[in-house]
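Inspection log for the structure reproduced underneath, given as structure tokens.
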Amino acid sequence: MTRRISRKLRIGKVPVGGDAPIVVQSMTKTDTRDVPSTINQIKELEDCGCEIVRVAVPDKEAAESLATIKKRVSLPVVADIHFDYLLALAALKAGVDGLRLNPGNIGDKDQIARVVAAAKEREVPIRIGVNAGSLPPNFQPKAPLVRRMVNMALEQIKLMESLDFDLIKVSLKAFDVPTTIRTYQMIADKIPYPLHLGVTEAGLPRTGAVRSAIGIGVLLYQGIGDTIRVSLSAHPCEEVFVAYEILKSLGLRQRGSTLVSCPSCGRAEVDIIALAEAVSKRLEKLGKPVKVAVMGCVVNGPGEAKDADVGIACGKGKGAIFRKGKVVGTANDDSLLEALVAEIERF
Ligand code: SF4
């Protein structure tokens, strides 16, 4: 795939856009005013691979908490601002690395100009985050939704450019997947700025992961997108996990292991679902960048297992352990898991 060329910027120490890897971000779900809980969650996010964290700034106390939070975490922090430009100014003063503004609800141009001036002085990028659900109702009411979202973003970009500001990132999120895809496609060749991808309010982990994988995945496959956030009604590390799975599926990033397991069928000689689940848990703990295959019988098993770094192809009462296509041992029915894990550890 050919990637859309965007202008590189930095959120703290993390480059976004240009030739930088697609960046994974998430958002804390704690009350930002509860500083210890927010710091803990940011540290959890760092441990699970998140690269940029966004925090909600609903009021002045939350904005002021950012100064302490910033001092105690190493992930770049983006302040999420709605309605009140004074909160954006307070967040900048607290030292955040990025701002997300919703142009739909900070309408006043002079107020936006004050925020832009303060961000420019500190070289802090601003994401123009357009959401389908919060477009001002009087903004081009007769135009189709996709065009309204794109035009709203373009209008805000023009305003920021007129203020001589170009540290811009853009997102155009909708709940509806085709709308999300079309808005990003429409804006992609109109602006040079990095794009932050996401399907908003995607839902609980199972359905949300599918919706996000389709919305974000289609765009990434077309070379569109520089940073992604998967929105799930779940712990934010679930979002990070799904984000990496999307990137791994497209060969764009590598993190942790990849498990290839057959779906099982009437030919399976062992309980392949239980074995695959047990292997997956062990791989999570090992955190090794290794491709592992767990196959249920001799029909496809050896072929697929050969393709992996380490694999097992189960047969009647025993399994063959493969390493890079070569059989390196066999294990009995009762020691399949341990034999496979031992080989993974040796790899
Ligand atoms: S590898 Fe064997 S058990 Fe697994 S799905 Fe294929 S045929 Fe069925």
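Naming works like this for the structure tokens: A, B, ... for the chains as they're shown, residue 1 at the start of each chain, ligands 1 onward in shown order.
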DSSP-assigned strand (DSSP E) members of region 184-304 of chain A, reported as a PDB file with C-alpha atoms, in the first residue's frame:
ATOM      1  CA  HIS A 196      -6.171  10.775  13.395  1.00  0.00           C
ATOM      2  CA  LEU A 197      -8.494   7.847  12.620  1.00  0.00           C
ATOM      3  CA  THR A 227      -2.511   7.771  14.281  1.00  0.00           C
ATOM      4  CA  ILE A 228      -5.423   5.650  15.488  1.00  0.00           C
ATOM      5  CA  ARG A 229      -7.667   5.458  18.500  1.00  0.00           C
ATOM      6  CA  THR A 258       0.823 -13.515  16.635  1.00  0.00           C
ATOM      7  CA  LEU A 259      -1.228 -16.635  17.201  1.00  0.00           C
ATOM      8  CA  VAL A 260      -2.391 -18.627  14.192  1.00  0.00           C
ATOM      9  CA  SER A 261      -4.890 -21.251  15.280  1.00  0.00           C
ATOM     10  CA  LYS A 291       4.411 -16.205  15.365  1.00  0.00           C
ATOM     11  CA  VAL A 292       2.902 -19.358  16.806  1.00  0.00           C
ATOM     12  CA  ALA A 293       0.600 -21.859  15.080  1.00  0.00           C
ATOM     13  CA  VAL A 294      -1.763 -24.234  16.851  1.00  0.00           C
ATOM     14  CA  MET A 295      -3.346 -26.695  14.430  1.00  0.00           C
TER      15      MET A 295
END
Can you work out which residues are within 6 Å of ligand 1, considering only C-alpha atoms and all ligand atoms, and then hand them over as a PyMOL selection string?
chain A and resi 262-265+267-268+295-297+299-301
Can I get the selected residues back with N, CA, C and O atoms, as a PDB file, in the first residue's frame?
ATOM      1  N   CYS A 262      -6.163 -22.928  14.139  1.00  0.00           N
ATOM      2  CA  CYS A 262      -7.220 -23.381  13.243  1.00  0.00           C
ATOM      3  C   CYS A 262      -8.555 -23.297  13.980  1.00  0.00           C
ATOM      4  O   CYS A 262      -8.592 -23.310  15.203  1.00  0.00           O
ATOM      5  N   PRO A 263      -9.660 -23.190  13.239  1.00  0.00           N
ATOM      6  CA  PRO A 263     -10.963 -23.019  13.913  1.00  0.00           C
ATOM      7  C   PRO A 263     -11.465 -24.306  14.576  1.00  0.00           C
ATOM      8  O   PRO A 263     -12.434 -24.268  15.326  1.00  0.00           O
ATOM      9  N   SER A 264     -10.814 -25.414  14.282  1.00  0.00           N
ATOM     10  CA  SER A 264     -11.233 -26.747  14.696  1.00  0.00           C
ATOM     11  C   SER A 264     -12.442 -27.193  13.862  1.00  0.00           C
ATOM     12  O   SER A 264     -13.183 -26.376  13.322  1.00  0.00           O
ATOM     13  N   CYS A 265     -12.574 -28.496  13.733  1.00  0.00           N
ATOM     14  CA  CYS A 265     -13.729 -29.068  13.016  1.00  0.00           C
ATOM     15  C   CYS A 265     -13.809 -30.543  13.405  1.00  0.00           C
ATOM     16  O   CYS A 265     -13.099 -30.992  14.314  1.00  0.00           O
ATOM     17  N   ARG A 267     -12.593 -33.030  12.282  1.00  0.00           N
ATOM     18  CA  ARG A 267     -11.369 -33.833  12.119  1.00  0.00           C
ATOM     19  C   ARG A 267     -10.380 -33.643  13.272  1.00  0.00           C
ATOM     20  O   ARG A 267      -9.384 -34.342  13.350  1.00  0.00           O
ATOM     21  N   ALA A 268     -10.650 -32.645  14.141  1.00  0.00           N
ATOM     22  CA  ALA A 268      -9.670 -32.320  15.190  1.00  0.00           C
ATOM     23  C   ALA A 268      -9.433 -33.521  16.100  1.00  0.00           C
ATOM     24  O   ALA A 268     -10.367 -34.227  16.476  1.00  0.00           O
ATOM     25  N   MET A 295      -2.505 -26.073  15.447  1.00  0.00           N
ATOM     26  CA  MET A 295      -3.346 -26.695  14.430  1.00  0.00           C
ATOM     27  C   MET A 295      -3.894 -28.041  14.920  1.00  0.00           C
ATOM     28  O   MET A 295      -3.203 -28.790  15.620  1.00  0.00           O
ATOM     29  N   GLY A 296      -5.144 -28.335  14.495  1.00  0.00           N
ATOM     30  CA  GLY A 296      -5.872 -29.440  15.112  1.00  0.00           C
ATOM     31  C   GLY A 296      -5.688 -30.810  14.515  1.00  0.00           C
ATOM     32  O   GLY A 296      -6.059 -31.798  15.144  1.00  0.00           O
ATOM     33  N   CYS A 297      -5.152 -30.927  13.307  1.00  0.00           N
ATOM     34  CA  CYS A 297      -5.042 -32.264  12.733  1.00  0.00           C
ATOM     35  C   CYS A 297      -3.985 -32.277  11.635  1.00  0.00           C
ATOM     36  O   CYS A 297      -3.358 -31.260  11.353  1.00  0.00           O
ATOM     37  N   VAL A 299      -4.458 -32.592   8.426  1.00  0.00           N
ATOM     38  CA  VAL A 299      -4.884 -32.164   7.086  1.00  0.00           C
ATOM     39  C   VAL A 299      -4.164 -30.880   6.675  1.00  0.00           C
ATOM     40  O   VAL A 299      -3.428 -30.851   5.692  1.00  0.00           O
ATOM     41  N   ASN A 300      -4.396 -29.784   7.457  1.00  0.00           N
ATOM     42  CA  ASN A 300      -3.717 -28.523   7.157  1.00  0.00           C
ATOM     43  C   ASN A 300      -2.600 -28.238   8.157  1.00  0.00           C
ATOM     44  O   ASN A 300      -1.772 -27.370   7.932  1.00  0.00           O
ATOM     45  N   GLY A 301      -2.657 -28.923   9.273  1.00  0.00           N
ATOM     46  CA  GLY A 301      -1.789 -28.599  10.394  1.00  0.00           C
ATOM     47  C   GLY A 301      -0.323 -28.447  10.062  1.00  0.00           C
ATOM     48  O   GLY A 301       0.241 -27.363  10.231  1.00  0.00           O
TER      49      GLY A 301
END
12 Å contact set for Gly217 (chain A), only C-alpha atoms, chain neighbours under 6 positions out, as a VMD selection string:
chain A and resid 177 180 to 181 197 to 199 209 to 211 223 to 225 228 to 230 242 to 252
Written file, previous selection with C-alpha atoms, as an mmCIF file, in the first residue's frame:
data_model
loop_
_atom_site.group_PDB
_atom_site.id
_atom_site.type_symbol
_atom_site.label_atom_id
_atom_site.label_comp_id
_atom_site.auth_asym_id
_atom_site.auth_seq_id
_atom_site.Cartn_x
_atom_site.Cartn_y
_atom_site.Cartn_z
ATOM 1 C CA VAL A 177 -18.586 3.224 9.476
ATOM 2 C CA THR A 180 -16.369 7.705 8.672
ATOM 3 C CA ILE A 181 -14.593 6.143 5.701
ATOM 4 C CA LEU A 197 -8.494 7.847 12.620
ATOM 5 C CA GLY A 198 -11.288 6.460 14.707
ATOM 6 C CA VAL A 199 -14.865 5.213 14.678
ATOM 7 C CA ALA A 209 -13.445 -4.195 17.658
ATOM 8 C CA VAL A 210 -15.155 -5.293 14.443
ATOM 9 C CA ARG A 211 -16.553 -1.832 13.667
ATOM 10 C CA GLY A 223 -2.733 4.545 2.896
ATOM 11 C CA ILE A 224 -4.831 7.055 4.855
ATOM 12 C CA GLY A 225 -4.149 7.696 8.547
ATOM 13 C CA ILE A 228 -5.423 5.650 15.488
ATOM 14 C CA ARG A 229 -7.667 5.458 18.500
ATOM 15 C CA VAL A 230 -10.069 2.573 18.959
ATOM 16 C CA VAL A 242 -7.393 -3.919 19.310
ATOM 17 C CA ALA A 243 -5.443 -1.048 17.725
ATOM 18 C CA TYR A 244 -2.313 -3.190 17.519
ATOM 19 C CA GLU A 245 -4.254 -6.141 16.151
ATOM 20 C CA ILE A 246 -5.535 -3.895 13.350
ATOM 21 C CA LEU A 247 -2.017 -2.659 12.610
ATOM 22 C CA LYS A 248 -0.533 -6.156 12.836
ATOM 23 C CA SER A 249 -3.185 -7.553 10.481
ATOM 24 C CA LEU A 250 -2.135 -5.028 7.841
ATOM 25 C CA GLY A 251 1.573 -5.559 8.453
ATOM 26 C CA LEU A 252 1.997 -1.938 9.596
#
Pick from A:Ala308, A:Val55, A:Val116, A:Ile11, whichever lies nearest to Pro236 (chain A) using only C-alpha atoms
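Closest to Pro236 (chain A), using only C-alpha atoms: A:Val55.
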Tell me, as a list in words, which residues lie within 8 Å of region 91-100 of chain A, counting only C-alpha atoms; anything in the same chain fewer than 3 positions away does not count.
Ile11, Gly12, Ala63, Glu64, Leu66, Ala67, Lys70, Pro76, Val77, Val78, Ala79, Asp80, Ile81, Leu87, Ala88, Ala118, Ala119, Arg122, Val124, Pro125, Ile126, Arg127, Ile128 and Gly129 of chain A
Write down as a count of residues only the residues of region 20-238 of chain A whose backbone DSSP state falls under helix (DSSP H, G or I).
103
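Minimum distance to Thr183 (chain A) across A:Met160, A:Ala313, A:Leu204, A:Met152 (counting only C-alpha atoms) occurs at A:Met152.
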Considering only C-alpha atoms, return as a list in words whatever protein or nucleic-acid residues lie within 7 Å of Ile321 (chain A), sequence-local ones (same chain, fewer than 3 positions apart) excluded.
Gly311, Ile312, Ala313, Val327, Val328, Gly329, Thr330 and Leu340 of chain A
Of the listed residues A:Gly203, A:Pro178, A:Pro136, A:Gly317, that which approaches Ala234 (chain A) most closely, counting only C-alpha atoms
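Looking at the shortest contact to Ala234 (chain A), the residue is A:Gly203.
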How many Å lie between CA of Lys318 (chain A) and CA of Leu275 (chain A), rounded to one decimal?
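CA of Lys318 (chain A) sits 13.1 Å away from CA of Leu275 (chain A).
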Near Ala202 (chain A), counting only C-alpha atoms, which residues have an atom at most 7 Å away, once you skip same-chain residues fewer than 5 positions from it, shown as an mmCIF file with C-alpha atoms, in the first residue's frame?
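Listing of result.cif after writing:
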data_model
loop_
_atom_site.group_PDB
_atom_site.id
_atom_site.type_symbol
_atom_site.label_atom_id
_atom_site.label_comp_id
_atom_site.auth_asym_id
_atom_site.auth_seq_id
_atom_site.Cartn_x
_atom_site.Cartn_y
_atom_site.Cartn_z
ATOM 1 C CA PHE A 175 -20.539 6.200 14.595
ATOM 2 C CA GLY A 208 -16.549 -2.331 18.759
ATOM 3 C CA ARG A 211 -16.553 -1.832 13.667
ATOM 4 C CA SER A 212 -13.188 -0.193 14.356
ATOM 5 C CA SER A 231 -13.034 3.667 21.119
ATOM 6 C CA LEU A 232 -14.492 0.865 23.221
#
Which residue, A:Lys8, A:Lys142, A:Arg148, A:Lys120, has the smallest gap to Leu163 (chain A) when you use only C-alpha atoms?
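Closest candidate: A:Lys120.
If you look at CA of Leu145 (chain A) and CA of Asn105 (chain A), they are 17.0 Å away from each other.
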For Ser26 (chain A), which residue among A:Cys237, A:Met1, A:Ala174, A:Ala339 is the nearest when counting only C-alpha atoms?
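Distance minimum relative to Ser26 (chain A) lands on A:Cys237.
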Proximity to Gly256 (chain A) - best of A:Cys48, A:Asn131, A:Asp166, A:Asp108, only C-alpha atoms:
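The closest residue to Gly256 (chain A) is A:Cys48.
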Extract, using only C-alpha atoms, all DNA, RNA and protein residues at most 9 Å from Gln41 (chain A), discarding same-chain residues fewer than 2 positions from it, and format them as a list in words.
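Listing them by chain and then by number gives Thr28, Lys29, Thr30, Pro36, Ser37, Thr38, Ile39, Lys43, Glu44, Leu45, Glu46 and Pro236 of chain A.
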Could you please take those selected residues and save C-alpha atoms as an mmCIF file, in the first residue's frame?
data_model
loop_
_atom_site.group_PDB
_atom_site.id
_atom_site.type_symbol
_atom_site.label_atom_id
_atom_site.label_comp_id
_atom_site.auth_asym_id
_atom_site.auth_seq_id
_atom_site.Cartn_x
_atom_site.Cartn_y
_atom_site.Cartn_z
ATOM 1 C CA THR A 28 -8.126 7.689 30.172
ATOM 2 C CA LYS A 29 -11.483 6.797 31.660
ATOM 3 C CA THR A 30 -10.764 8.087 35.135
ATOM 4 C CA PRO A 36 -3.620 9.387 41.490
ATOM 5 C CA SER A 37 -6.144 7.247 39.558
ATOM 6 C CA THR A 38 -5.446 9.113 36.334
ATOM 7 C CA ILE A 39 -1.685 8.726 36.759
ATOM 8 C CA LYS A 43 1.018 4.125 33.537
ATOM 9 C CA GLU A 44 -1.120 1.057 32.750
ATOM 10 C CA LEU A 45 -1.572 2.417 29.253
ATOM 11 C CA GLU A 46 2.143 2.920 28.825
ATOM 12 C CA PRO A 236 -8.430 1.564 27.628
#
